[in-house]
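S.K.: Pasting in a structure now, in structure tokens, and then I'll have a few things to ask.
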Amino acid sequence: SRETLMTLDPERDPDRPRVIAHRGGAAEQPQNTLGAFRACAGSGIDGVEFDVHQARDGVLVIHHDAWLDRSTDGHGAVAEYTAQALAALKVRGAAEGPPRLDDALEALGVDPRLELHLEVKTDHRGRVPNGLVQRCLEATASRGLTERLVLTSFRADDLERSVAACSGLRTALAIQLSTSWMVGGLESLVARGLRIPGCVISLENLLARTNLDLLLEVAPDRLGVWNVDDEDDLRFWLGQPVRQIITDRPTLALRLRDA
């Protein structure tokens with residue numbers, strides 16, 4: 001709810017879009033690394049989006065893809081490595097490997113303004129490991145960060161179950177064109193997300209832009225957009241009544257928004 005969000009920063013203007021750093025601001029820092037998260041803390045941005053997988057030994061780790069090849073010097077599936085083995089790798093552009101969720105929460109937890117947009121990921125077999133969502137909730141709760149959590153998923157059923165188990169949990173349903181057709185189309189998926197109390201409907205940039213009239217009609221005050229990195233696109237969305245903008249370039253987005 002707006003009241004819950006405003007407790008994070010009483011001086012925050014609720015009518016301006018929140019700027020959320022995608023993977024910690026992937027155009028400005030090596031993505032999903034502790035270095036990126038530490039740079040976000042205290043920077044003035046409103047939140048950080050990051051992605052959680054389960055390693056082979058059950059430890060929760062931060063990485064976007066189910067595979068390591070694209071963004072690290074490792075090869076193969078994240079789920080086939082232990083957390084220690086992942087830490088020994090190097091994320092491209094960094095001197096560190098994919099961090100543990102606990103370490104990421106410690107780095108981000110120092111800034112009480114930051115929303116924590118935690119996205120649960122499917123593994124290399126297209127599955128969300130049993131218990132992954134619940135363990136993410138437990139990890140944030142153990143640090144007193146539940147109020148700042150925005151649990152994010154492309155799977156509405158994950159969010160529905162989580163809200164049923166954790167009253168008041170804030171969520172975001174991510175929607176992209178390439179998968180929305182598999183679950184009945186955009187309107188059906190948006191409607192399902194709107195039935196989840198307070199759930200943000202977070203759409204990829206082009207899909208949101210080409211359906212903006214419909215979205216503003218059915219989901220005012222609950223819209224988000226990702227991934228917005230071009231300056232012209234940022235200017236466009238900063239002029240729209242959206243709740244949040246997820247971007248690889250949070251410093252630019254802040255400068256444009258707050259100018």
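Numbering starts fresh at 1 for the residues of each chain in the structure tokens, the chains themselves are lettered A, B, ... in the order given, and ligands are numbered from 1 as they appear.
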Can you pull out every residue within 8 Å of Leu169 of chain A, counting only C-alpha atoms, but drop anything in the same chain fewer than 4 positions away, and send it as a list in words?

M.R.: Thr146, Glu147, Leu149, Val150, Leu151, Ser162 and Val163 of chain A

S.K.: With only C-alpha atoms as the counted atoms, please give the residues lying no more than 12 Å from His75 of chain A, apart from itself and same-chain residues fewer than 3 positions off, as a PyMOL selection string.

M.R.: chain A and resi 65-72+78-81+85-86+89-91

S.K.: Please indicate the distance in Å from atom CA of Gly126 of chain A to atom CA of Asp57 of chain A, rounded to one decimal place.

M.R.: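 For atom CA of Gly126 of chain A relative to atom CA of Asp57 of chain A, the distance reads 18.6 Å.
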
S.K.: Find the spatial neighbours of Glu138 of chain A, counting only C-alpha atoms, within a cut-off of 12 Å - ignore same-chain residues fewer than 5 positions away - and output them as a list in words.

M.R.: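 The contact residues come out as Leu60, Leu101, Asp102, Leu105, Gly131, Leu132, Val133, Arg143, Gly144, Leu145, Thr146, Leu149, Ser162, Ala165 and Cys166 of chain A.
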
S.K.: Given the choices A:Ile246, A:Val110, A:Leu189, A:Ala41, which gets closest to Leu234 of chain A if the distance is worked out from only C-alpha atoms?

M.R.: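 Selected residue with least distance to Leu234 of chain A: A:Ile246.
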
S.K.: Residues at most 7 Å from Val61 of chain A, counting only C-alpha atoms, excluding those fewer than 4 positions away in the same chain, as number ranges by chain?

M.R.: A: 52-55, 83, 98-101

S.K.: Would you mind listing what lies within 7 Å of Ser202 of chain A as a ChimeraX atom specification, with only C-alpha atoms counted and same-chain residues fewer than 5 positions away left out?

M.R.: /A:172-175,223-226

S.K.: Go ahead and write the residues just picked, C-alpha atoms, as a JSON list (two decimals), in the first residue's frame.

M.R.:
[["chain", "number", "residue", "atom", "x", "y", "z"],
["A", 172, "ALA", "CA", 5.39, -7.27, -8.41],
["A", 173, "LEU", "CA", 4.24, -9.40, -11.34],
["A", 174, "ALA", "CA", 6.74, -9.12, -14.21],
["A", 175, "ILE", "CA", 5.25, -9.46, -17.68],
["A", 223, "LEU", "CA", 2.10, 0.12, -13.08],
["A", 224, "GLY", "CA", 5.83, -0.42, -13.42],
["A", 225, "VAL", "CA", 8.07, -0.65, -16.48],
["A", 226, "TRP", "CA", 11.37, -2.33, -17.27]]

S.K.: DSSP says strand (DSSP E or B) for which residues of segment 8-93 of chain A? Put them as a PyMOL selection string?

M.R.: chain A and resi 18-22+47-54+60-62+67+72+77+91

S.K.: Residues at most 10 Å from Gln176 of chain A, counting only C-alpha atoms, excluding those fewer than 5 positions away in the same chain, as a list in words?

M.R.: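 So the residues in contact are Phe154, Trp181, Leu186, Ser202, Leu203, Glu204, Asn205, Leu206, Leu207, Ala208 and Trp226 of chain A.
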
S.K.: Take the residues that were just selected and, keeping N, CA, C and O atoms, output them as a CSV table (one decimal), in the first residue's frame.

M.R.:
chain,number,residue,atom,x,y,z
A,154,PHE,N,7.8,-13.7,-12.5
A,154,PHE,CA,7.0,-13.8,-13.7
A,154,PHE,C,5.8,-14.8,-13.5
A,154,PHE,O,5.0,-14.9,-14.4
A,181,TRP,N,1.6,-14.6,-23.8
A,181,TRP,CA,0.7,-15.4,-24.6
A,181,TRP,C,0.4,-16.8,-24.1
A,181,TRP,O,-0.6,-17.4,-24.3
A,186,LEU,N,-2.1,-10.7,-22.5
A,186,LEU,CA,-1.7,-9.6,-21.6
A,186,LEU,C,-2.9,-9.2,-20.7
A,186,LEU,O,-2.7,-9.1,-19.5
A,202,SER,N,4.3,-5.0,-13.6
A,202,SER,CA,5.6,-4.5,-14.1
A,202,SER,C,5.9,-5.1,-15.5
A,202,SER,O,6.1,-6.3,-15.6
A,203,LEU,N,5.8,-4.3,-16.5
A,203,LEU,CA,5.8,-4.7,-17.9
A,203,LEU,C,7.1,-4.3,-18.6
A,203,LEU,O,7.7,-3.2,-18.3
A,204,GLU,N,7.6,-5.1,-19.5
A,204,GLU,CA,8.7,-4.7,-20.3
A,204,GLU,C,8.4,-3.5,-21.1
A,204,GLU,O,7.2,-3.2,-21.5
A,205,ASN,N,9.4,-2.7,-21.4
A,205,ASN,CA,9.2,-1.3,-22.0
A,205,ASN,C,8.3,-1.3,-23.2
A,205,ASN,O,7.3,-0.6,-23.2
A,206,LEU,N,8.7,-2.0,-24.2
A,206,LEU,CA,7.9,-2.0,-25.5
A,206,LEU,C,6.5,-2.4,-25.3
A,206,LEU,O,5.5,-1.8,-25.8
A,207,LEU,N,6.3,-3.5,-24.5
A,207,LEU,CA,4.9,-4.0,-24.3
A,207,LEU,C,4.1,-3.0,-23.5
A,207,LEU,O,2.9,-2.8,-23.9
A,208,ALA,N,4.7,-2.3,-22.5
A,208,ALA,CA,3.9,-1.3,-21.8
A,208,ALA,C,3.6,-0.1,-22.7
A,208,ALA,O,2.5,0.4,-22.6
A,226,TRP,N,10.0,-1.9,-17.2
A,226,TRP,CA,11.4,-2.3,-17.3
A,226,TRP,C,11.7,-2.7,-18.7
A,226,TRP,O,10.7,-3.0,-19.5

S.K.: Interatomic distance between atom CA of Glu160 of chain A and atom CA of Asp123 of chain A?

M.R.: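 Pair atom CA of Glu160 of chain A / atom CA of Asp123 of chain A returns 20.3 Å.
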
S.K.: Please, which residues of segment 195-256 of chain A, numbered as in this document, come out helix (DSSP H, G or I) from DSSP, as a compact mmCIF listing (two decimals) with C-alpha atoms, in the first residue's frame?

M.R.:
# COMPACT_ATOMS: atom_id res chain seq x y z
CA ASN A 205 9.24 -1.33 -21.97
CA LEU A 206 7.89 -1.96 -25.48
CA LEU A 207 4.93 -4.02 -24.28
CA ALA A 208 3.95 -1.30 -21.79
CA ARG A 209 4.37 1.52 -24.30
CA THR A 210 2.23 -0.10 -26.99
CA LEU A 212 -0.34 2.20 -22.31
CA ASP A 213 -3.94 3.38 -22.79
CA LEU A 214 -5.28 -0.02 -21.78
CA LEU A 215 -2.94 -0.28 -18.81
CA LEU A 216 -3.76 3.17 -17.48
CA GLU A 217 -7.45 2.31 -17.75
CA VAL A 218 -7.31 -0.99 -15.86
CA GLU A 231 17.43 8.61 -22.36
CA ASP A 232 14.41 9.34 -24.54
CA ASP A 233 12.58 6.35 -23.09
CA LEU A 234 13.45 7.48 -19.57
CA ARG A 235 12.09 10.94 -20.27
CA PHE A 236 8.89 9.44 -21.66
CA TRP A 237 8.23 7.18 -18.69
CA LEU A 238 9.18 9.82 -16.15
CA PRO A 250 19.75 4.68 -12.27
CA THR A 251 22.11 7.65 -12.00
CA LEU A 252 20.81 9.06 -15.30
CA ALA A 253 17.21 8.32 -14.33
CA LEU A 254 17.63 10.15 -11.03
CA ARG A 255 19.21 13.15 -12.73
CA LEU A 256 16.38 13.39 -15.25

S.K.: So that I can see what lies close to segment 28-32 of chain A, please list as a ChimeraX atom specification the residues with an atom at most 10 Å from it, counting only C-alpha atoms and leaving out residues fewer than 4 positions away in the same chain.

M.R.: /A:21-24,36-37,39-40,48-52,61-64,71,91-99,104,248-252

S.K.: Once you have the residues from the selection above, write them out as a PDB file, in the first residue's frame, restricted to C-alpha atoms.

M.R.:
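As written to disk, part-v2.pdb reads:
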ATOM      1  CA  ALA A  21      18.418  -0.123 -10.183  1.00  0.00           C
ATOM      2  CA  HIS A  22      18.157  -3.213 -12.399  1.00  0.00           C
ATOM      3  CA  ARG A  23      20.603  -5.864 -11.155  1.00  0.00           C
ATOM      4  CA  GLY A  24      22.189  -3.104  -9.086  1.00  0.00           C
ATOM      5  CA  ALA A  36      27.058  -2.816  -7.297  1.00  0.00           C
ATOM      6  CA  PHE A  37      24.835  -3.146  -4.242  1.00  0.00           C
ATOM      7  CA  ALA A  39      27.278   1.582  -4.704  1.00  0.00           C
ATOM      8  CA  CYS A  40      23.476   1.699  -4.627  1.00  0.00           C
ATOM      9  CA  VAL A  48      17.445  -2.296  -6.159  1.00  0.00           C
ATOM     10  CA  GLU A  49      16.301  -5.237  -8.263  1.00  0.00           C
ATOM     11  CA  PHE A  50      18.268  -8.495  -8.010  1.00  0.00           C
ATOM     12  CA  ASP A  51      17.794 -12.151  -8.891  1.00  0.00           C
ATOM     13  CA  VAL A  52      17.947 -15.220  -6.664  1.00  0.00           C
ATOM     14  CA  VAL A  61      22.834 -16.858  -4.478  1.00  0.00           C
ATOM     15  CA  ILE A  62      22.472 -13.781  -6.674  1.00  0.00           C
ATOM     16  CA  HIS A  63      22.694 -14.213 -10.437  1.00  0.00           C
ATOM     17  CA  HIS A  64      20.388 -13.419 -13.337  1.00  0.00           C
ATOM     18  CA  SER A  71      27.980 -12.965 -17.447  1.00  0.00           C
ATOM     19  CA  VAL A  91      31.479 -11.743 -12.861  1.00  0.00           C
ATOM     20  CA  ARG A  92      32.400  -9.951 -16.073  1.00  0.00           C
ATOM     21  CA  GLY A  93      33.959  -6.603 -15.227  1.00  0.00           C
ATOM     22  CA  ALA A  94      34.417  -7.466 -11.554  1.00  0.00           C
ATOM     23  CA  ALA A  95      36.914  -9.164  -9.286  1.00  0.00           C
ATOM     24  CA  GLU A  96      34.194 -11.104  -7.495  1.00  0.00           C
ATOM     25  CA  GLY A  97      31.795 -13.922  -8.176  1.00  0.00           C
ATOM     26  CA  PRO A  98      28.035 -14.208  -7.680  1.00  0.00           C
ATOM     27  CA  PRO A  99      27.331 -13.365  -4.026  1.00  0.00           C
ATOM     28  CA  ALA A 104      23.578  -8.997  -0.625  1.00  0.00           C
ATOM     29  CA  ASP A 248      20.345  -0.222 -15.797  1.00  0.00           C
ATOM     30  CA  ARG A 249      21.132   3.507 -15.613  1.00  0.00           C
ATOM     31  CA  PRO A 250      19.746   4.677 -12.267  1.00  0.00           C
ATOM     32  CA  THR A 251      22.108   7.652 -12.002  1.00  0.00           C
ATOM     33  CA  LEU A 252      20.813   9.056 -15.301  1.00  0.00           C
TER      34      LEU A 252
END

S.K.: Pick out the closest residue to Ala107 of chain A from this set: A:Ser188, A:Thr33, A:Asn130, A:Ser142. Count only C-alpha atoms.

M.R.: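 The shortest atom-to-atom distance to Ala107 of chain A comes from A:Thr33.
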
S.K.: May I ask which of the residues A:His117, A:Arg192, A:Arg56, A:Arg155 is the closest one to Arg18 of chain A, counting only C-alpha atoms?

M.R.: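 Going through A:His117, A:Arg192, A:Arg56, A:Arg155 one by one, the smallest distance to Arg18 of chain A is for A:His117.
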
S.K.: State, in Å with one decimal place, the distance from atom CA of Arg125 of chain A to atom CA of Thr152 of chain A.

M.R.: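 Straight-line distance from atom CA of Arg125 of chain A to atom CA of Thr152 of chain A works out to 19.7 Å.
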
S.K.: Which residue, A:Ile20, A:Ile201, A:Leu118, A:Val183, has the smallest gap to Thr140 of chain A when you use only C-alpha atoms?

M.R.: A:Leu118

S.K.: For Gly109 of chain A, which of A:Arg38, A:Arg135, A:Gly44, A:Ser153 is the closest residue, counting only C-alpha atoms?

M.R.: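 Of A:Arg38, A:Arg135, A:Gly44, A:Ser153, the one nearest Gly109 of chain A, counting only C-alpha atoms, is A:Arg38.
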